[in-house]
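**Student:** One file is attached below, coords.txt, containing compact mmCIF, C-alpha atoms and all ligand atoms.
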```txt
# COMPACT_ATOMS: atom_id res chain seq x y z
CA MET Y 1 66.24 42.97 31.88
CA LYS Y 2 63.13 44.20 30.06
CA THR Y 3 62.49 47.90 29.53
CA LEU Y 4 59.20 49.68 28.94
CA HIS Y 5 58.90 53.41 28.27
CA VAL Y 6 56.18 55.66 29.62
CA GLN Y 7 55.59 58.57 27.28
CA ALA Y 8 53.17 60.84 29.16
CA SER Y 9 52.34 64.44 28.17
CA SER Y 10 54.56 66.00 30.83
CA ALA Y 11 57.28 63.38 31.22
CA SER Y 12 58.79 60.27 29.71
CA TYR Y 13 60.77 57.68 31.63
CA PRO Y 14 61.97 54.10 31.53
CA VAL Y 15 60.62 51.20 33.55
CA TYR Y 16 63.36 48.61 34.02
CA ILE Y 17 62.14 45.14 35.03
CA GLY Y 18 64.60 42.40 35.91
CA GLU Y 19 66.44 40.32 38.47
CA GLY Y 20 69.04 41.88 40.76
CA LEU Y 21 68.47 45.46 39.63
CA LEU Y 22 68.81 46.94 43.13
CA ASN Y 23 72.51 46.13 42.94
CA SER Y 24 72.92 48.19 39.81
CA ALA Y 25 70.73 51.17 40.71
CA GLY Y 26 73.83 53.40 40.95
CA ASN Y 27 74.83 52.58 37.36
CA LEU Y 28 71.28 53.09 36.14
CA LEU Y 29 71.26 56.56 37.76
CA LYS Y 30 74.39 57.42 35.78
CA GLU Y 31 72.84 56.12 32.55
CA LEU Y 32 69.88 58.41 33.21
CA GLY Y 33 72.29 61.33 33.52
CA LEU Y 34 71.29 62.04 37.13
CA LYS Y 35 73.95 63.51 39.42
CA PRO Y 36 72.09 64.07 42.69
CA SER Y 37 73.79 66.20 45.35
CA LYS Y 38 72.17 63.99 48.01
CA ILE Y 39 69.83 61.00 48.00
CA LEU Y 40 67.05 60.28 50.48
CA ILE Y 41 65.84 56.68 50.45
CA VAL Y 42 62.32 56.49 51.84
CA THR Y 43 61.47 52.95 52.86
CA ASP Y 44 59.52 50.99 55.48
CA LYS Y 45 60.78 48.95 58.43
CA ILE Y 46 60.35 45.54 56.79
CA VAL Y 47 61.80 46.50 53.42
CA GLU Y 48 64.70 48.37 55.03
CA ARG Y 49 65.68 45.24 56.95
CA LEU Y 50 65.45 43.07 53.83
CA TYR Y 51 66.82 45.25 51.05
CA SER Y 52 68.77 48.31 52.15
CA LYS Y 53 71.93 46.18 52.12
CA GLU Y 54 71.36 45.49 48.41
CA LEU Y 55 70.92 49.14 47.54
CA LEU Y 56 73.00 51.24 49.90
CA PRO Y 57 76.65 50.13 49.51
CA GLN Y 58 76.96 50.94 45.79
CA LEU Y 59 75.10 54.26 46.19
CA GLN Y 60 77.23 55.25 49.18
CA LYS Y 61 80.39 54.89 47.10
CA GLU Y 62 79.30 57.80 44.93
CA TYR Y 63 76.66 59.80 46.75
CA ASP Y 64 75.72 61.30 50.09
CA VAL Y 65 72.90 58.89 51.07
CA PHE Y 66 70.31 59.21 53.86
CA THR Y 67 67.45 56.90 54.84
CA TYR Y 68 64.00 57.75 56.20
CA ILE Y 69 62.09 54.76 57.60
CA VAL Y 70 58.32 54.60 58.12
CA ASP Y 71 55.90 51.98 59.46
CA SER Y 72 55.15 49.06 57.16
CA ASN Y 73 51.53 49.71 56.35
CA GLU Y 74 48.93 52.12 55.00
CA THR Y 75 49.00 54.33 58.11
CA ALA Y 76 52.37 55.60 56.87
CA LYS Y 77 50.68 57.63 54.10
CA SER Y 78 50.09 60.34 56.70
CA PHE Y 79 50.47 64.10 57.18
CA GLU Y 80 52.96 63.30 59.98
CA ASN Y 81 55.31 61.35 57.71
CA TYR Y 82 54.92 63.88 54.90
CA HIS Y 83 55.88 66.66 57.33
CA GLY Y 84 58.64 64.46 58.79
CA ILE Y 85 60.27 63.82 55.40
CA LEU Y 86 60.23 67.49 54.41
CA THR Y 87 61.66 68.52 57.79
CA TYR Y 88 64.39 65.87 57.50
CA CYS Y 89 65.34 67.17 54.03
CA LEU Y 90 65.52 70.76 55.27
CA GLN Y 91 67.56 69.79 58.31
CA HIS Y 92 70.02 67.89 56.11
CA ASN Y 93 70.36 70.65 53.51
CA PHE Y 94 68.74 68.83 50.60
CA ASP Y 95 68.66 71.17 47.60
CA ARG Y 96 66.98 71.28 44.22
CA SER Y 97 69.43 68.80 42.71
CA SER Y 98 68.81 66.23 45.45
CA CYS Y 99 66.86 63.07 44.75
CA MET Y 100 64.33 60.94 46.60
CA MET Y 101 64.10 57.17 46.11
CA ALA Y 102 61.09 55.14 47.21
CA LEU Y 103 62.22 51.62 48.16
CA GLY Y 104 59.16 49.48 48.90
CA GLY Y 105 55.53 49.07 47.96
CA GLY Y 106 52.81 51.49 46.99
CA VAL Y 107 52.74 53.07 50.42
CA VAL Y 108 56.30 54.43 50.36
CA GLY Y 109 55.99 55.12 46.62
CA ASP Y 110 52.94 57.33 47.10
CA LEU Y 111 54.33 59.03 50.22
CA ALA Y 112 57.85 59.71 48.92
CA GLY Y 113 56.52 60.74 45.53
CA PHE Y 114 54.23 63.34 47.10
CA ALA Y 115 57.04 64.65 49.30
CA ALA Y 116 59.37 64.84 46.27
CA SER Y 117 56.72 66.64 44.23
CA THR Y 118 56.45 69.47 46.77
CA TYR Y 119 59.94 69.76 48.29
CA MET Y 120 61.30 73.02 46.85
CA ARG Y 121 58.46 72.68 44.27
CA GLY Y 122 59.75 69.35 43.04
CA ILE Y 123 62.97 67.32 43.10
CA SER Y 124 63.95 64.16 41.23
CA PHE Y 125 62.29 60.98 42.29
CA ILE Y 126 62.96 57.29 41.53
CA GLN Y 127 60.64 54.37 42.19
CA LEU Y 128 62.19 51.09 43.40
CA PRO Y 129 59.11 48.86 43.75
CA THR Y 130 59.27 45.70 45.89
CA THR Y 131 55.63 44.50 45.82
CA LEU Y 132 53.49 43.04 43.04
CA LEU Y 133 50.93 45.77 43.65
CA ALA Y 134 53.57 48.37 42.88
CA HIS Y 135 53.50 47.41 39.18
CA ASP Y 136 50.47 49.72 39.33
CA SER Y 137 51.51 52.31 41.92
CA ALA Y 138 55.05 52.96 40.66
CA VAL Y 139 53.90 53.87 37.16
CA GLY Y 140 51.72 56.76 36.06
CA GLY Y 141 52.59 59.56 38.46
CA LYS Y 142 49.73 59.51 40.96
CA VAL Y 143 51.29 60.28 44.35
CA ALA Y 144 49.38 61.03 47.55
CA ILE Y 145 48.81 60.74 51.26
CA ASN Y 146 45.53 59.82 52.96
CA HIS Y 147 43.13 62.00 54.94
CA PRO Y 148 41.08 60.35 57.71
CA LEU Y 149 38.01 61.18 55.62
CA GLY Y 150 39.26 59.69 52.36
CA LYS Y 151 42.01 57.79 50.55
CA ASN Y 152 44.65 59.68 48.55
CA MET Y 153 42.82 62.96 49.08
CA ILE Y 154 45.99 65.07 49.26
CA GLY Y 155 48.30 64.48 46.35
CA SER Y 156 49.59 65.43 42.95
CA PHE Y 157 50.53 64.06 39.56
CA TYR Y 158 54.31 63.71 39.56
CA HIS Y 159 56.23 61.18 37.53
CA PRO Y 160 59.41 59.44 38.62
CA LYS Y 161 62.59 59.84 36.56
CA ALA Y 162 62.69 56.04 36.34
CA VAL Y 163 61.16 52.88 37.76
CA ILE Y 164 63.71 50.22 38.71
CA TYR Y 165 61.81 46.99 39.41
CA ASP Y 166 63.97 44.26 40.91
CA VAL Y 167 61.66 41.24 40.67
CA LEU Y 168 63.92 39.17 42.95
CA THR Y 169 62.56 41.23 45.86
CA LEU Y 170 59.16 39.60 45.28
CA GLU Y 171 60.55 36.30 46.58
CA THR Y 172 60.11 37.51 50.16
CA LEU Y 173 56.65 39.00 49.61
CA PRO Y 174 54.08 37.30 51.89
CA PRO Y 175 51.14 35.48 50.20
CA LYS Y 176 48.65 38.07 51.50
CA GLU Y 177 50.56 40.85 49.72
CA ARG Y 178 50.92 38.79 46.52
CA ARG Y 179 47.17 38.34 46.48
CA SER Y 180 46.59 42.04 47.06
CA GLY Y 181 48.86 42.92 44.14
CA PHE Y 182 47.20 40.31 41.95
CA ALA Y 183 43.90 42.21 42.28
CA GLU Y 184 45.41 45.11 40.30
CA VAL Y 185 46.76 42.65 37.71
CA ILE Y 186 43.21 41.28 37.29
CA LYS Y 187 41.91 44.87 37.09
CA HIS Y 188 44.24 45.68 34.20
CA ALA Y 189 43.05 42.58 32.35
CA LEU Y 190 39.36 43.26 33.04
CA ILE Y 191 39.44 46.82 31.72
CA LYS Y 192 41.61 46.19 28.68
CA ASP Y 193 42.53 42.67 27.68
CA GLY Y 194 40.22 39.64 27.50
CA GLU Y 195 43.09 37.39 26.35
CA MET Y 196 45.14 38.34 29.38
CA LEU Y 197 42.15 37.58 31.60
CA LYS Y 198 41.84 34.10 30.05
CA TRP Y 199 45.59 33.54 30.55
CA LEU Y 200 45.33 34.56 34.21
CA HIS Y 201 42.27 32.43 34.75
CA GLN Y 202 43.91 29.36 33.22
CA ASN Y 203 47.21 29.73 35.05
CA VAL Y 204 46.25 31.13 38.44
CA SER Y 205 43.69 28.96 40.15
CA GLY Y 206 44.89 29.43 43.73
CA PRO Y 207 47.11 31.68 45.87
CA ALA Y 208 50.19 29.46 45.33
CA ASP Y 209 50.14 30.28 41.60
CA ILE Y 210 50.77 33.99 42.23
CA GLY Y 211 54.52 33.59 41.95
CA PRO Y 212 57.28 32.66 39.53
CA PRO Y 213 57.32 31.87 36.64
CA LEU Y 214 54.29 34.06 35.90
CA LEU Y 215 55.07 37.13 38.02
CA GLU Y 216 57.37 38.91 35.60
CA ASP Y 217 54.89 38.48 32.74
CA MET Y 218 52.01 39.74 34.89
CA ILE Y 219 54.03 42.81 35.81
CA PHE Y 220 55.02 43.48 32.22
CA LYS Y 221 51.49 43.08 30.85
CA GLY Y 222 49.95 45.15 33.67
CA ILE Y 223 52.40 48.02 33.24
CA HIS Y 224 51.95 47.93 29.48
CA ILE Y 225 48.19 48.42 29.89
CA LYS Y 226 48.55 51.11 32.55
CA ALA Y 227 51.17 53.06 30.59
CA GLY Y 228 48.97 52.98 27.48
CA ILE Y 229 46.10 54.61 29.38
CA VAL Y 230 48.27 57.17 31.22
CA GLU Y 231 49.88 58.18 27.92
CA LYS Y 232 46.46 59.09 26.53
CA ASP Y 233 45.09 60.79 29.67
CA GLU Y 234 47.76 61.73 32.17
CA LYS Y 235 45.62 63.84 34.52
CA GLU Y 236 42.41 61.76 34.53
CA THR Y 237 40.19 64.03 32.50
CA GLY Y 238 38.64 60.97 30.83
CA ILE Y 239 39.75 57.39 30.27
CA ARG Y 240 42.29 57.25 33.11
CA ALA Y 241 39.27 56.88 35.41
CA TYR Y 242 38.96 53.31 34.04
CA LEU Y 243 42.03 52.46 36.16
CA ASN Y 244 39.73 53.16 39.10
CA PHE Y 245 37.63 50.07 38.34
CA GLY Y 246 36.72 48.55 41.73
CA HIS Y 247 38.09 51.53 43.63
CA THR Y 248 34.89 53.49 44.34
CA LEU Y 249 33.73 50.89 46.84
CA GLY Y 250 37.31 49.69 47.47
CA HIS Y 251 38.53 53.02 48.82
CA ALA Y 252 35.37 53.37 50.92
CA ILE Y 253 36.08 49.97 52.52
CA GLU Y 254 39.71 50.89 53.27
CA SER Y 255 38.90 54.21 54.93
CA GLU Y 256 35.83 52.88 56.75
CA ALA Y 257 37.79 49.88 58.14
CA GLY Y 258 40.63 52.18 59.22
CA TYR Y 259 43.81 52.47 57.13
CA GLY Y 260 45.98 49.38 57.22
CA LYS Y 261 43.20 47.00 58.26
CA VAL Y 262 42.27 45.79 54.74
CA PRO Y 263 44.97 45.47 52.04
CA HIS Y 264 44.32 47.78 49.10
CA GLY Y 265 43.99 44.91 46.61
CA ASP Y 266 41.52 42.99 48.80
CA ALA Y 267 39.30 46.07 49.04
CA VAL Y 268 39.58 46.62 45.28
CA ALA Y 269 38.67 42.94 44.68
CA SER Y 270 35.42 43.42 46.63
CA GLY Y 271 34.83 46.62 44.67
CA MET Y 272 35.41 44.83 41.36
CA LEU Y 273 32.88 42.14 42.26
CA PHE Y 274 30.31 44.81 43.11
CA ALA Y 275 31.06 46.75 39.90
CA THR Y 276 30.78 43.55 37.82
CA TRP Y 277 27.42 42.64 39.38
CA LEU Y 278 26.29 46.25 38.84
CA SER Y 279 27.37 46.14 35.19
CA ASN Y 280 25.06 43.17 34.65
CA GLU Y 281 22.19 44.91 36.48
CA ILE Y 282 22.49 48.31 34.81
CA LEU Y 283 24.02 47.61 31.40
CA GLN Y 284 22.89 43.98 30.98
CA SER Y 285 26.55 43.21 30.22
CA GLY Y 286 26.15 39.45 30.61
CA LEU Y 287 29.45 39.08 32.46
CA ASP Y 288 30.10 35.75 34.16
CA TYR Y 289 29.75 37.03 37.72
CA GLY Y 290 29.52 33.51 39.17
CA LYS Y 291 32.83 32.45 37.60
CA MET Y 292 34.54 35.59 38.87
CA TYR Y 293 33.06 35.15 42.36
CA GLN Y 294 34.26 31.54 42.63
CA TRP Y 295 37.71 32.44 41.30
CA PHE Y 296 38.07 35.29 43.79
CA LYS Y 297 36.90 33.00 46.59
CA LYS Y 298 39.54 30.38 45.69
CA LEU Y 299 42.22 33.05 45.61
CA GLY Y 300 41.21 34.09 49.14
CA PHE Y 301 39.76 37.52 48.37
CA PRO Y 302 36.92 38.72 50.60
CA VAL Y 303 33.91 38.01 48.35
CA ALA Y 304 31.28 39.40 50.73
CA LEU Y 305 31.39 42.48 52.91
CA GLU Y 306 31.62 41.73 56.60
CA GLU Y 307 28.43 42.64 58.47
CA HIS Y 308 30.01 45.38 60.55
CA TYR Y 309 30.30 47.60 57.45
CA HIS Y 310 27.25 49.83 57.52
CA THR Y 311 25.89 50.39 54.01
CA ASP Y 312 25.06 54.05 54.73
CA LEU Y 313 28.57 54.76 55.99
CA LEU Y 314 30.13 53.15 52.91
CA ILE Y 315 27.83 55.16 50.67
CA SER Y 316 28.73 58.38 52.43
CA ARG Y 317 32.44 57.56 51.90
CA MET Y 318 31.69 56.91 48.21
CA THR Y 319 30.18 60.38 47.83
CA ILE Y 320 33.57 61.98 48.58
CA ASP Y 321 35.38 59.82 46.04
CA LYS Y 322 37.45 61.98 43.66
CA LYS Y 323 35.39 60.86 40.65
CA ALA Y 324 32.11 61.97 42.25
CA SER Y 325 30.44 64.82 40.46
CA GLY Y 326 27.34 66.96 41.03
CA GLY Y 327 26.36 64.99 44.13
CA ASN Y 328 26.31 61.72 42.18
CA ILE Y 329 28.55 58.69 42.63
CA ARG Y 330 30.54 57.84 39.51
CA MET Y 331 31.10 54.12 38.98
CA VAL Y 332 33.40 52.44 36.46
CA LEU Y 333 31.36 49.62 34.90
CA LEU Y 334 32.07 47.08 32.18
CA GLN Y 335 30.02 46.93 29.01
CA ASP Y 336 32.07 43.81 28.34
CA ILE Y 337 35.55 42.57 29.27
CA GLY Y 338 37.93 45.24 27.99
CA GLN Y 339 35.14 47.79 27.52
CA PRO Y 340 34.86 50.02 30.58
CA VAL Y 341 32.37 52.89 30.80
CA LEU Y 342 31.62 55.56 33.40
CA HIS Y 343 28.13 55.57 34.91
CA ASP Y 344 26.69 58.06 37.39
CA LEU Y 345 24.26 56.95 40.11
CA THR Y 346 22.38 59.06 42.60
CA VAL Y 347 23.13 58.44 46.24
CA ASP Y 348 19.76 56.71 46.69
CA GLU Y 349 20.32 54.44 43.68
CA SER Y 350 23.81 53.59 44.92
CA ARG Y 351 22.49 52.69 48.38
CA SER Y 352 19.77 50.48 46.99
CA PHE Y 353 22.18 48.65 44.60
CA LEU Y 354 24.74 48.13 47.37
CA GLN Y 355 22.02 46.75 49.68
CA ARG Y 356 20.85 44.37 46.94
CA TRP Y 357 24.39 43.21 46.06
CA ARG Y 358 25.06 42.44 49.72
CA LYS Y 359 22.02 40.15 49.71
CA GLU Y 360 22.00 38.74 46.17
CA GLY Y 361 25.70 38.90 45.22
CA GLU Y 362 26.82 36.29 47.72
CA LEU Y 363 26.74 32.87 46.07
N1 LIG Y 401 49.80 55.70 42.84
C1 LIG Y 401 49.07 54.76 42.25
O1 LIG Y 401 48.77 54.80 41.07
C2 LIG Y 401 48.63 53.58 43.08
C3 LIG Y 401 48.14 52.43 42.43
C4 LIG Y 401 47.76 51.36 43.21
C5 LIG Y 401 47.86 51.42 44.60
N2 LIG Y 401 48.35 52.54 45.19
C6 LIG Y 401 48.55 52.60 46.63
O2 LIG Y 401 49.52 51.62 46.98
C7 LIG Y 401 49.33 51.27 48.36
C8 LIG Y 401 49.41 49.77 48.53
O3 LIG Y 401 50.69 49.34 48.10
P1 LIG Y 401 51.28 47.93 48.56
O4 LIG Y 401 50.24 46.89 48.45
O5 LIG Y 401 52.55 47.74 47.85
O6 LIG Y 401 51.46 48.14 50.13
P2 LIG Y 401 52.73 48.39 51.07
O7 LIG Y 401 53.65 49.35 50.48
O8 LIG Y 401 52.18 48.69 52.42
O9 LIG Y 401 53.42 46.96 51.10
C9 LIG Y 401 52.69 45.89 51.63
C10 LIG Y 401 53.46 45.18 52.76
O10 LIG Y 401 54.48 44.39 52.19
C11 LIG Y 401 55.74 44.67 52.80
N3 LIG Y 401 56.75 44.47 51.77
C12 LIG Y 401 56.99 45.26 50.72
N4 LIG Y 401 57.88 44.69 49.91
C13 LIG Y 401 58.21 43.52 50.46
C14 LIG Y 401 59.08 42.47 50.07
N5 LIG Y 401 59.72 42.48 48.91
N6 LIG Y 401 59.20 41.40 50.88
C15 LIG Y 401 58.49 41.34 52.06
N7 LIG Y 401 57.65 42.29 52.47
C16 LIG Y 401 57.50 43.36 51.65
C17 LIG Y 401 55.61 46.07 53.32
O11 LIG Y 401 56.51 46.29 54.40
C18 LIG Y 401 54.15 46.10 53.76
O12 LIG Y 401 54.02 45.54 55.05
C19 LIG Y 401 47.98 51.84 48.76
O13 LIG Y 401 48.20 52.97 49.55
C20 LIG Y 401 47.34 52.23 47.45
O14 LIG Y 401 46.45 53.29 47.61
C21 LIG Y 401 48.72 53.62 44.45
O1 LIG Y 402 46.62 55.24 38.29
C1 LIG Y 402 45.40 55.39 38.40
O2 LIG Y 402 44.80 56.29 37.80
C2 LIG Y 402 44.62 54.52 39.29
O3 LIG Y 402 43.45 54.77 39.52
C3 LIG Y 402 45.31 53.33 39.87
C4 LIG Y 402 44.69 52.81 41.15
O4 LIG Y 402 44.98 51.43 41.21
C5 LIG Y 402 45.30 53.43 42.40
O5 LIG Y 402 44.80 52.79 43.54
C6 LIG Y 402 45.17 54.93 42.52
O6 LIG Y 402 45.97 55.41 43.58
C7 LIG Y 402 43.77 55.40 42.78
O7 LIG Y 402 43.74 56.75 42.54
P1 LIG Y 402 42.64 57.74 43.13
O8 LIG Y 402 42.72 58.90 42.22
O9 LIG Y 402 41.33 57.03 43.10
O10 LIG Y 402 43.05 58.05 44.51
ZN ZN Y 403 44.56 50.66 43.17
```
Write the structure described by the file as structure tokens, please.

**Tutor:**
Amino acid sequence: MKTLHVQASSASYPVYIGEGLLNSAGNLLKELGLKPSKILIVTDKIVERLYSKELLPQLQKEYDVFTYIVDSNETAKSFENYHGILTYCLQHNFDRSSCMMALGGGVVGDLAGFAASTYMRGISFIQLPTTLLAHDSAVGGKVAINHPLGKNMIGSFYHPKAVIYDVLTLETLPPKERRSGFAEVIKHALIKDGEMLKWLHQNVSGPADIGPPLLEDMIFKGIHIKAGIVEKDEKETGIRAYLNFGHTLGHAIESEAGYGKVPHGDAVASGMLFATWLSNEILQSGLDYGKMYQWFKKLGFPVALEEHYHTDLLISRMTIDKKASGGNIRMVLLQDIGQPVLHDLTVDESRSFLQRWRKEGEL
């Protein structure tokens, strides 16, 4: 088992990464000094079927354990499920010393984390990630649900007490979800670490390479980069916005398509291509857009926006992005690999760049 520590301004906690950790979650809780009166495991239908048998028996020996199961996709980050979890906790007499555990990917992590952050003004929360993407979502304390008008619009900053990452669970992760998670791995490399980007490029040339033996290293390196940024800027007053590279357009695609239609990482991959092209246009960064485009294409990411996406509608979604300020759209661009910068564009400029990228960015 490898352990990383996140040392944010308001909280510090361990991230355990290793094989078979779900079986020892009960012992890890004890090591953390947690003695929850009750535990609510929030999970989705697919993950419950695959992994509740690994987690539940040992917890049930010592604790009063309940399970709340949601649909297995982005639509689960809803007001209805948020309300449902809180109601369930009240009905089952959860108190301030109770604990919530998110078993699954970023969807249940964000949903359960937000519920935990507001139930009785905050109860303990543990992340048990089971997707590659969750190397990003389980660390750093952003928790949220979606609004029909925009992604993650209702949320808070609330750190888990620990992240327990059982990498054996990734063996059952479908290729589409591996690819989606790999987008966030690439993002971490692009914004911080040129050497990591080279390593990824050399070792991952197609979808089949997004698996063992590289997965654990990708997770470790990605979390290391993310934790380093969160430690310096927990509440996104500055550099944390770099972690949003590719997300300004990415989130607009997800909400415009309808939640659950486009995997988060696929949308972010399109957004990263646009932001890379834009960096060359605006900052003359000289990034190798062609190489990135061909790599993304081989990996199976959507490299061009499907025609049904209306540019004006995407732009109007981008104006309600959380980074937007003073009516302008704030983009994360790259001066170079590992050198992100924030750049504001007017709505008209954004529209005209997006129109041009849709024509000129497809190779
Ligand atoms: N809070 C953050 O900092 C942060 C960071 C990145 C992404 N996110 C959010 O994370 C969400 C996406 O997370 P995700 O990609 O993990 O999606 P997800 O949680 O929907 O999981 C993807 C799919 O994989 C299935 N699955 C999960 N684990 C599995 C396993 N081990 N084996 C087989 N199937 C498995 C799930 O049932 C689901 O169908 C988005 O809502 C995004 O906004 C949040
Ligand atoms: O942790 C962060 O900060 C991120 O931006 C990580 C992103 O990958 C993630 O998708 C996050 O949920 C986006 O946050 P938002 O503030 O743009 O909703
Ligand atoms: Zn993301």

**Student:** Can you measure atom CA of Ile253 of chain Y to atom CA of Leu314 of chain Y for me? One decimal in Å is fine.

**Tutor:** 6.8 Å

**Student:** So, counting all atoms listed in the file, which residue among Y:Lys235, Y:Arg178, Y:Lys221, Y:Arg240 is closest to Phe157 of chain Y?

**Tutor:**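 Ranking Y:Lys235, Y:Arg178, Y:Lys221, Y:Arg240 by distance to Phe157 of chain Y, first place goes to Y:Lys235.
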
**Student:** Please tabulate, as a Markdown table, the residues of chain Y that come within 7 Å of ligand LIG 402 (chain Y), each with its closest pair of atoms and the distance in Å to one decimal, counting all atoms listed in the file and ordering rows by chain, then residue number upward.

**Tutor:**
```
| residue | atom | partner | partner_atom | distance |
| --- | --- | --- | --- | --- |
| Y:Asp136 | CA | Y:LIG402 | O4 | 6.0 |
| Y:Ser137 | CA | Y:LIG402 | C5 | 6.3 |
| Y:Gly140 | CA | Y:LIG402 | O1 | 5.8 |
| Y:Lys142 | CA | Y:LIG402 | O1 | 5.9 |
| Y:Lys151 | CA | Y:LIG402 | O10 | 6.1 |
| Y:Asn152 | CA | Y:LIG402 | O10 | 4.6 |
| Y:Met153 | CA | Y:LIG402 | O10 | 6.7 |
| Y:Glu184 | CA | Y:LIG402 | O4 | 6.4 |
| Y:Glu236 | CA | Y:LIG402 | O2 | 6.8 |
| Y:Arg240 | CA | Y:LIG402 | O2 | 5.4 |
| Y:Ala241 | CA | Y:LIG402 | O2 | 6.1 |
| Y:Leu243 | CA | Y:LIG402 | O3 | 4.3 |
| Y:Asn244 | CA | Y:LIG402 | O3 | 4.1 |
| Y:His247 | CA | Y:LIG402 | O9 | 6.4 |
| Y:Lys322 | CA | Y:LIG402 | O8 | 6.3 |
```

**Student:** Counting only C-alpha atoms and all ligand atoms, name the residues that have an atom within 12 Å of an atom of ligand ZN 403 (chain Y); the answer should be given as an MDAnalysis selection string.

**Tutor:** chainID Y and resid 106:107 110 132:140 142:143 151:152 180:188 226 241:251 254 263:269 271:272

**Student:** Could you put an axis-aligned box around every listed atom of segment 345-363 of chain Y, padded by 3 Å on each side, and send me its centre and edge lengths in Å to one decimal, as AutoDock Vina command-line options?

**Tutor:**
```
--center_x 23.3 --center_y 46.0 --center_z 44.9 --size_x 13.1 --size_y 32.2 --size_z 15.6
```

**Student:** Could you state the separation of atom CA of Ala227 of chain Y and atom CA of Val6 of chain Y in Å, given to one decimal place?

**Tutor:**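 Atom CA of Val6 of chain Y lies 5.7 Å from atom CA of Ala227 of chain Y.
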
**Student:** Compute the distance from (29.3, 61.0, 46.4) to each atom, counting only C-alpha atoms, keep the residues with any atom at most 9 Å away, and return them as a list of chain:residue names; use the coordinates of the file.

**Tutor:** Y:Ile315, Y:Ser316, Y:Arg317, Y:Met318, Y:Thr319, Y:Ile320, Y:Asp321, Y:Lys322, Y:Lys323, Y:Ala324, Y:Ser325, Y:Gly326, Y:Gly327, Y:Asn328, Y:Ile329, Y:Arg330, Y:Thr346, Y:Val347

**Student:** Please indicate the distance in Å from atom CA of Thr75 of chain Y to atom CA of Gly300 of chain Y, rounded to one decimal place.

**Tutor:**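 Computing the Euclidean distance for atom CA of Thr75 of chain Y and atom CA of Gly300 of chain Y yields 23.5 Å.
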
**Student:** Name the closest residue to Lys198 of chain Y among the candidates Y:Asn146, Y:Glu307, Y:Met292, Y:Ile154; distances are taken between atoms, counting all atoms listed in the file.

**Tutor:** Y:Met292

**Student:** Could you name the residues that touch Leu111 of chain Y at 6 Å or less, counting only C-alpha atoms, but leaving out those on the same chain fewer than 4 positions away, as a ChimeraX atom specification?

**Tutor:** /Y:77,144-145

**Student:** For Leu21 of chain Y, which residue among Y:Val70, Y:Leu333, Y:Val163, Y:Ile46 is the nearest when counting only C-alpha atoms?

**Tutor:**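 Selected residue with least distance to Leu21 of chain Y: Y:Val163.
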
**Student:** From the set Y:Leu103, Y:Leu50, Y:Leu173, Y:Leu32, which residue has the shortest atom-to-atom contact distance to ligand LIG 401 (chain Y), counting all atoms listed in the file?

**Tutor:**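 Counting all atoms listed in the file, the residue closest to ligand LIG 401 (chain Y) is Y:Leu173.
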